[in-house]
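Worksheet: one structure, shown below.
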There are 2 protein chains.
Amino acid sequence: MATIRDVARLAGVSPSTASRALRGNPVISAKTRQKVERAMQQLHYVPNFSAQNLANNENNTIGVILPVDHHEIFTNPFFLQALQGINAKSTEQNFMVALATGVSQQQLLANVEFMLARGRIDRFILLYSQINDPVVTLLQQNHAGYVVIGKPAATDGTMPPYIDTDNLAAGRDATHFLLAHGHRHIAFLYTDLTKIVQQERLTGYQQVMIQQGELPLSLQESFIDYAQSNQHVTEFLQQNPQITAFVTSDDLLGLRLQQIVSKQISLISFNNSFTSQVAHPSLTSIDVFPVRLGEGAAELALQLDQNTADLQPIIVPHKIIVRHSVRDLTTKK
Amino acid sequence: MATIRDVARLAGVSPSTASRALRGNPVISAKTRQKVERAMQQLHYVPNFSAQNLANNENNTIGVILPVDHHEIFTNPFFLQALQGINAKSTEQNFMVALATGVSQQQLLANVEFMLARGRIDRFILLYSQINDPVVTLLQQNHAGYVVIGKPAATDGTMPPYIDTDNLAAGRDATHFLLAHGHRHIAFLYTDLTKIVQQERLTGYQQVMIQQGELPLSLQESFIDYAQSNQHVTEFLQQNPQITAFVTSDDLLGLRLQQIVSKQISLISFNNSFTSQVAHPSLTSIDVFPVRLGEGAAELALQLDQNTADLQPIIVPHKIIVRHSVRDLTTKK
DNA sequence: CTGTTAGCGCTTTCAG
DNA sequence: CTGAAAGCGCTAACAG
């Protein structure tokens, strides 16, 4: 592997000059710069990551933190797609992305601690957001910067930079879509309101319903006990026979609902994951563009030092992907 | 951040001695070792990753390469779970895990190239396996070691170390399970035989069927065009009305089949992903333990230098997770 | 504009 | 068994 000394020698300059050329220091004359660049190409020179990091007291890596697995969560392709976006932007800027995961909270913490202490990594992307997250505490104690994908849970002091979908608007849009197709009696199905995402989507739904003078109806089902949830849903529909459509907080949930209720019931869900295509009829779903969320998160993370600590949140627009799970009631009137 | 000089000073020894103590060099006296260790603890000393790497001409990081996303593939929680296993073992050994992904083959290659050139990373784990993989070529050209999860595609020369499920046996086991429940006329459904995994599972199924004197029947359906696949399956069942059960090459496929065929048909599938629980009735499925596959892969990768190039492949045992998608025909006789 | 020098934090000969 | 010194590859004063 060629070093910068080799380059310098070949170009007939000193290592420091070669270094300056490498880093685009404007003080170098065009002529020398060219000589050096040519030499670099000839030797296929690539700077040594460790050496550069050591000399600059940097690490040029972004730590990406996955949530602890709770079975269901990992079937969401969201994470892998976000990772793609993060990687693309990071590689562009010559940053490495290091991953932190764990089968338990404890393991995750150990992993993050390792990156912090040993790797001196000081910028992270959190692929989830939860209140009272010990990982966040750890990050803060170590004065590491972090950006979250999703809405950051309220911390005592300041808000970290974040990138998110406007889930409130998404909830409204889903509801409007059903209304536009002639549905009036619409219910909202979710699994867990401690998830901010679901909370917001529900609120969006409620806003629109109230505004329309319709009664918002929501149902929580965890589906941990399938038979029981099945029964709940069935009872719910018996009590509310006027319902023609559901908004479900996620594709997977939509799929489950679909397996219980009559095909006459319309469904719209969120995330546009592969599940929505597997469903039959395939699910109309709101895409939130995880790759872009990842890209944006990386862009934020890369700016984390420019102590313009007031990095503005980024909102990535969502989009309704129309498939076949919503019947059009308007034409039939 | 405390450096090793600080430690040395506190312990009243030279940096070199401190270093030796740190690395467990046996030449150090027990007394000094203790002094140094105490000093390290007092100062919360953690060695600097970059400095250590530079001095040792190492990098202590494992590159993990994800497949290029083809929509469907990322909904498989396998990758994230494998990643968990990899991370756990790597962190244990003070290794970092760096991730390579890409929305396109080209982007993936660029990412791997970056790790190779800039990061000098020389050991990788491939989370997939395909023939004529340009990534593998790149790895080989750069003399990087790699281990694959799955069966490595045949390369010209030698076989890389790998870790895998015995998919042949898994295919046999699935079939035997159905036989044991009184099924005789069993079909196998798959999407793509260029995937070695599916090929093997199919072969296992065929072996058992032939051995039983039954006719192996397999059907390929991509489900790219849902209506068409639906029709194919229906026709297939009309032509083979004796069939009472299917082995499907994957949970997601099992779920799809389930949505088409009568609930009377029994199903067994592979991977035991969350999808198998979502299905109704829930799918009996063969778990391949992705976390363990990840752990094993990391263990192999960590041995990659000990030029015991003859690292033996690891086979991780699978297990049938019994749920409700297989009817027992024996009691009814 | 360029070269010399010292140093990032750690390891490792080489003496003793 | 331990210390002094040099070096991993790169960068940043400091001179010139």
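Labeling convention for the structure tokens: chains A, B, ... as they appear, residues from 1 per chain, ligands from 1 in order of appearance.
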Residues of chain B that approach chain D to 10 Å or less, counting only C-alpha atoms (C1' of nucleotides): could you list each one with the shortest pair of atoms and its distance in Å to one decimal, rows by chain and increasing residue number, as a Markdown table?
| residue | atom | partner | partner_atom | distance |
| --- | --- | --- | --- | --- |
| B:Val13 | CA | D:DT2 | C1' | 8.3 |
| B:Ser14 | CA | D:DG3 | C1' | 6.3 |
| B:Pro15 | CA | D:DG3 | C1' | 8.7 |
| B:Ser16 | CA | D:DG3 | C1' | 7.5 |
| B:Thr17 | CA | D:DT2 | C1' | 6.7 |
| B:Val27 | CA | D:DC1 | C1' | 6.7 |
| B:Ile28 | CA | D:DC1 | C1' | 6.3 |
| B:Ser29 | CA | D:DC1 | C1' | 6.6 |
| B:Thr32 | CA | D:DC1 | C1' | 9.7 |
| B:Ala51 | CA | D:DC8 | C1' | 8.7 |
| B:Gln52 | CA | D:DC8 | C1' | 9.4 |
| B:Asn53 | CA | D:DC8 | C1' | 8.8 |
| B:Leu54 | CA | D:DC8 | C1' | 5.4 |
| B:Ala55 | CA | D:DC8 | C1' | 4.6 |
| B:Asn56 | CA | D:DC8 | C1' | 7.2 |
| B:Asn57 | CA | D:DC8 | C1' | 7.0 |
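Counting only C-alpha atoms (C1' of nucleotides), every residue of chain C that comes within 9 Å of chain A is listed here: DC1, DT2, DG3, DG7, DC8 and DG9 of chain C.
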Worksheet item: Neighbours of stretch 209-223 of chain A within 12 Å (only C-alpha atoms (C1' of nucleotides); same-chain residues fewer than 5 positions away dropped), as a count of residues only?
Response: 59
Practice prompt. Among the residues of stretch 67-260 of chain B, find those DSSP assigns to helix (DSSP H, G or I) from the backbone and print them as number ranges by chain.
Written response: B: 72-75, 78-92, 105-117, 134-141, 167-180, 196-211, 226-239, 251-260
Give me, as CSV, each residue of chain B that comes within 8 Å of chain A, together with its shortest interatomic pair and the distance in Å at one decimal, counting only C-alpha atoms, with rows ordered by chain and rising residue number.
residue,atom,partner,partner_atom,distance
B:Val46,CA,A:Arg118,CA,6.0
B:Pro47,CA,A:Arg118,CA,6.2
B:Asn48,CA,A:Arg118,CA,5.8
B:Phe49,CA,A:Gly119,CA,5.2
B:Ser50,CA,A:Ser50,CA,4.8
B:Ala51,CA,A:Leu54,CA,5.9
B:Asn53,CA,A:Ser50,CA,6.4
B:Leu54,CA,A:Ser50,CA,5.6
B:Asn59,CA,A:Ser50,CA,7.7
B:His71,CA,A:Phe274,CA,6.6
B:Glu72,CA,A:Phe274,CA,5.9
B:Phe74,CA,A:Pro77,CA,5.1
B:Thr75,CA,A:Pro77,CA,4.7
B:Asn76,CA,A:Thr75,CA,5.8
B:Pro77,CA,A:Thr75,CA,4.7
B:Leu80,CA,A:Phe74,CA,6.6
B:Gln81,CA,A:Phe74,CA,7.8
B:Leu83,CA,A:Thr101,CA,7.5
B:Gln84,CA,A:Thr101,CA,5.6
B:Asn87,CA,A:Thr101,CA,6.5
B:Ala88,CA,A:Gly102,CA,6.8
B:Thr91,CA,A:Asn111,CA,6.4
B:Asn94,CA,A:Phe114,CA,7.8
B:Met96,CA,A:Ala98,CA,6.8
B:Val97,CA,A:Ala98,CA,5.6
B:Ala98,CA,A:Ala98,CA,4.4
B:Leu99,CA,A:Val97,CA,6.0
B:Ala100,CA,A:Asn87,CA,7.1
B:Thr101,CA,A:Gln84,CA,5.6
B:Gly102,CA,A:Gln84,CA,5.6
B:Val103,CA,A:Gln84,CA,6.5
B:Gln107,CA,A:Ala88,CA,7.4
B:Asn111,CA,A:Thr91,CA,6.4
B:Phe114,CA,A:Thr91,CA,7.3
B:Met115,CA,A:Met96,CA,7.7
B:Ala117,CA,A:Val46,CA,6.3
B:Arg118,CA,A:Phe49,CA,5.5
B:Gly119,CA,A:Phe49,CA,5.3
B:Arg120,CA,A:Asn48,CA,7.4
B:Arg256,CA,A:Val278,CA,6.5
B:Gln259,CA,A:His280,CA,7.3
B:Ser273,CA,A:Thr75,CA,7.6
B:Phe274,CA,A:Glu72,CA,5.9
B:Thr275,CA,A:Thr75,CA,7.9
B:Val278,CA,A:Arg256,CA,6.5
B:Ala279,CA,A:Arg256,CA,7.7
B:His280,CA,A:Gln259,CA,7.3
Taking N, CA and C atoms for each residue, export the selection above as a tab-separated table (two decimals), in the first residue's frame.
chain	number	residue	atom	x	y	z
B	46	VAL	N	-9.29	3.69	28.31
B	46	VAL	CA	-9.67	2.79	27.22
B	46	VAL	C	-8.76	3.10	26.05
B	47	PRO	N	-8.12	2.10	25.51
B	47	PRO	CA	-7.19	2.36	24.42
B	47	PRO	C	-7.88	2.98	23.22
B	48	ASN	N	-7.17	3.80	22.54
B	48	ASN	CA	-7.69	4.48	21.36
B	48	ASN	C	-7.65	3.55	20.16
B	49	PHE	N	-8.82	3.35	19.61
B	49	PHE	CA	-8.99	2.41	18.51
B	49	PHE	C	-8.08	2.75	17.32
B	50	SER	N	-8.10	3.98	16.90
B	50	SER	CA	-7.31	4.37	15.72
B	50	SER	C	-5.82	4.18	15.97
B	51	ALA	N	-5.39	4.62	17.14
B	51	ALA	CA	-3.97	4.54	17.45
B	51	ALA	C	-3.51	3.09	17.49
B	53	ASN	N	-4.90	0.57	16.04
B	53	ASN	CA	-4.95	0.01	14.69
B	53	ASN	C	-3.76	0.46	13.86
B	54	LEU	N	-3.44	1.72	14.00
B	54	LEU	CA	-2.32	2.24	13.21
B	54	LEU	C	-1.02	1.54	13.60
B	59	ASN	N	-7.17	-3.38	11.76
B	59	ASN	CA	-8.30	-2.49	11.76
B	59	ASN	C	-9.41	-2.93	12.72
B	71	HIS	N	-36.82	-5.55	-2.88
B	71	HIS	CA	-38.15	-5.38	-2.28
B	71	HIS	C	-38.49	-6.47	-1.28
B	72	GLU	N	-38.73	-7.62	-1.79
B	72	GLU	CA	-39.21	-8.69	-0.93
B	72	GLU	C	-38.21	-9.06	0.15
B	74	PHE	N	-35.98	-7.67	1.92
B	74	PHE	CA	-35.74	-6.91	3.14
B	74	PHE	C	-36.85	-7.09	4.17
B	75	THR	N	-37.94	-7.70	3.79
B	75	THR	CA	-38.94	-7.92	4.82
B	75	THR	C	-38.60	-9.16	5.64
B	76	ASN	N	-37.58	-9.83	5.22
B	76	ASN	CA	-37.13	-10.98	5.99
B	76	ASN	C	-36.29	-10.53	7.17
B	77	PRO	N	-36.78	-10.78	8.36
B	77	PRO	CA	-36.06	-10.33	9.55
B	77	PRO	C	-34.73	-11.02	9.72
B	80	LEU	N	-31.48	-8.66	9.96
B	80	LEU	CA	-31.31	-7.91	11.20
B	80	LEU	C	-30.93	-8.85	12.34
B	81	GLN	N	-31.52	-10.02	12.34
B	81	GLN	CA	-31.22	-10.95	13.42
B	81	GLN	C	-29.79	-11.49	13.30
B	83	LEU	N	-27.42	-9.93	12.00
B	83	LEU	CA	-26.61	-8.78	12.40
B	83	LEU	C	-26.46	-8.73	13.91
B	84	GLN	N	-27.51	-9.06	14.61
B	84	GLN	CA	-27.44	-9.06	16.07
B	84	GLN	C	-26.41	-10.07	16.56
B	87	ASN	N	-22.90	-8.82	15.71
B	87	ASN	CA	-22.50	-7.74	16.60
B	87	ASN	C	-22.13	-8.23	17.98
B	88	ALA	N	-22.91	-9.14	18.49
B	88	ALA	CA	-22.66	-9.63	19.84
B	88	ALA	C	-21.26	-10.22	19.93
B	91	THR	N	-18.36	-7.49	19.24
B	91	THR	CA	-18.12	-6.58	20.35
B	91	THR	C	-17.35	-7.29	21.46
B	94	ASN	N	-13.85	-7.00	20.89
B	94	ASN	CA	-13.39	-5.66	20.58
B	94	ASN	C	-13.27	-5.37	19.10
B	96	MET	N	-15.21	-3.90	15.69
B	96	MET	CA	-16.31	-3.06	15.26
B	96	MET	C	-16.97	-3.74	14.07
B	97	VAL	N	-18.25	-3.49	13.87
B	97	VAL	CA	-18.83	-3.99	12.63
B	97	VAL	C	-19.31	-2.85	11.77
B	98	ALA	N	-18.78	-2.87	10.56
B	98	ALA	CA	-19.10	-1.82	9.60
B	98	ALA	C	-19.99	-2.42	8.53
B	99	LEU	N	-20.93	-1.63	8.07
B	99	LEU	CA	-21.95	-2.17	7.19
B	99	LEU	C	-21.79	-1.68	5.76
B	100	ALA	N	-21.97	-2.61	4.83
B	100	ALA	CA	-22.00	-2.22	3.42
B	100	ALA	C	-23.37	-2.56	2.85
B	101	THR	N	-24.00	-1.58	2.26
B	101	THR	CA	-25.29	-1.80	1.60
B	101	THR	C	-25.32	-1.00	0.31
B	102	GLY	N	-26.40	-1.13	-0.41
B	102	GLY	CA	-26.56	-0.32	-1.60
B	102	GLY	C	-27.92	-0.56	-2.21
B	103	VAL	N	-28.49	0.49	-2.79
B	103	VAL	CA	-29.76	0.29	-3.46
B	103	VAL	C	-29.52	-0.32	-4.83
B	107	GLN	N	-23.78	0.67	-6.25
B	107	GLN	CA	-23.59	1.37	-4.98
B	107	GLN	C	-22.97	0.45	-3.93
B	111	ASN	N	-19.42	0.89	-2.01
B	111	ASN	CA	-19.34	0.84	-0.56
B	111	ASN	C	-18.27	-0.15	-0.09
B	114	PHE	N	-14.82	1.13	-0.76
B	114	PHE	CA	-14.44	2.13	0.23
B	114	PHE	C	-13.88	1.46	1.49
B	115	MET	N	-14.56	0.44	1.94
B	115	MET	CA	-14.09	-0.25	3.14
B	115	MET	C	-12.74	-0.91	2.92
B	117	ALA	N	-10.38	-0.10	0.51
B	117	ALA	CA	-9.29	0.82	0.23
B	117	ALA	C	-9.01	1.74	1.40
B	118	ARG	N	-10.02	2.43	1.83
B	118	ARG	CA	-9.83	3.44	2.84
B	118	ARG	C	-9.67	2.83	4.22
B	119	GLY	N	-10.56	1.88	4.49
B	119	GLY	CA	-10.55	1.31	5.82
B	119	GLY	C	-9.58	0.16	5.98
B	120	ARG	N	-9.04	-0.29	4.86
B	120	ARG	CA	-8.12	-1.44	4.93
B	120	ARG	C	-8.78	-2.64	5.61
B	256	ARG	N	-48.88	-16.43	1.48
B	256	ARG	CA	-49.57	-16.17	0.22
B	256	ARG	C	-50.41	-17.34	-0.23
B	259	GLN	N	-53.60	-17.67	1.56
B	259	GLN	CA	-54.67	-16.76	1.19
B	259	GLN	C	-55.45	-17.25	-0.02
B	273	SER	N	-40.37	-16.79	10.65
B	273	SER	CA	-40.35	-15.34	10.82
B	273	SER	C	-41.67	-14.90	11.43
B	274	PHE	N	-41.76	-13.64	11.68
B	274	PHE	CA	-42.96	-13.16	12.32
B	274	PHE	C	-44.20	-13.44	11.47
B	275	THR	N	-43.97	-13.49	10.19
B	275	THR	CA	-45.06	-13.78	9.26
B	275	THR	C	-45.80	-15.06	9.63
B	278	VAL	N	-48.37	-14.23	12.06
B	278	VAL	CA	-49.43	-13.40	11.54
B	278	VAL	C	-50.44	-14.24	10.77
B	279	ALA	N	-49.97	-15.29	10.16
B	279	ALA	CA	-50.84	-16.12	9.34
B	279	ALA	C	-51.97	-16.70	10.18
B	280	HIS	N	-53.02	-17.05	9.50
B	280	HIS	CA	-54.14	-17.65	10.21
B	280	HIS	C	-54.73	-18.77	9.39
Practice prompt. Check stretch 216-272 of chain A with DSSP on the backbone and list each residue it calls strand (DSSP E or B), as a list in words.
Written response: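 After running DSSP on the backbone, stretch 216-272 of chain A has strand (DSSP E or B) at Leu217, Ser218, Leu219, Gln220, Ala245, Phe246, Val247, Thr248, Ser266, Leu267, Ile268, Ser269 and Phe270 of chain A.
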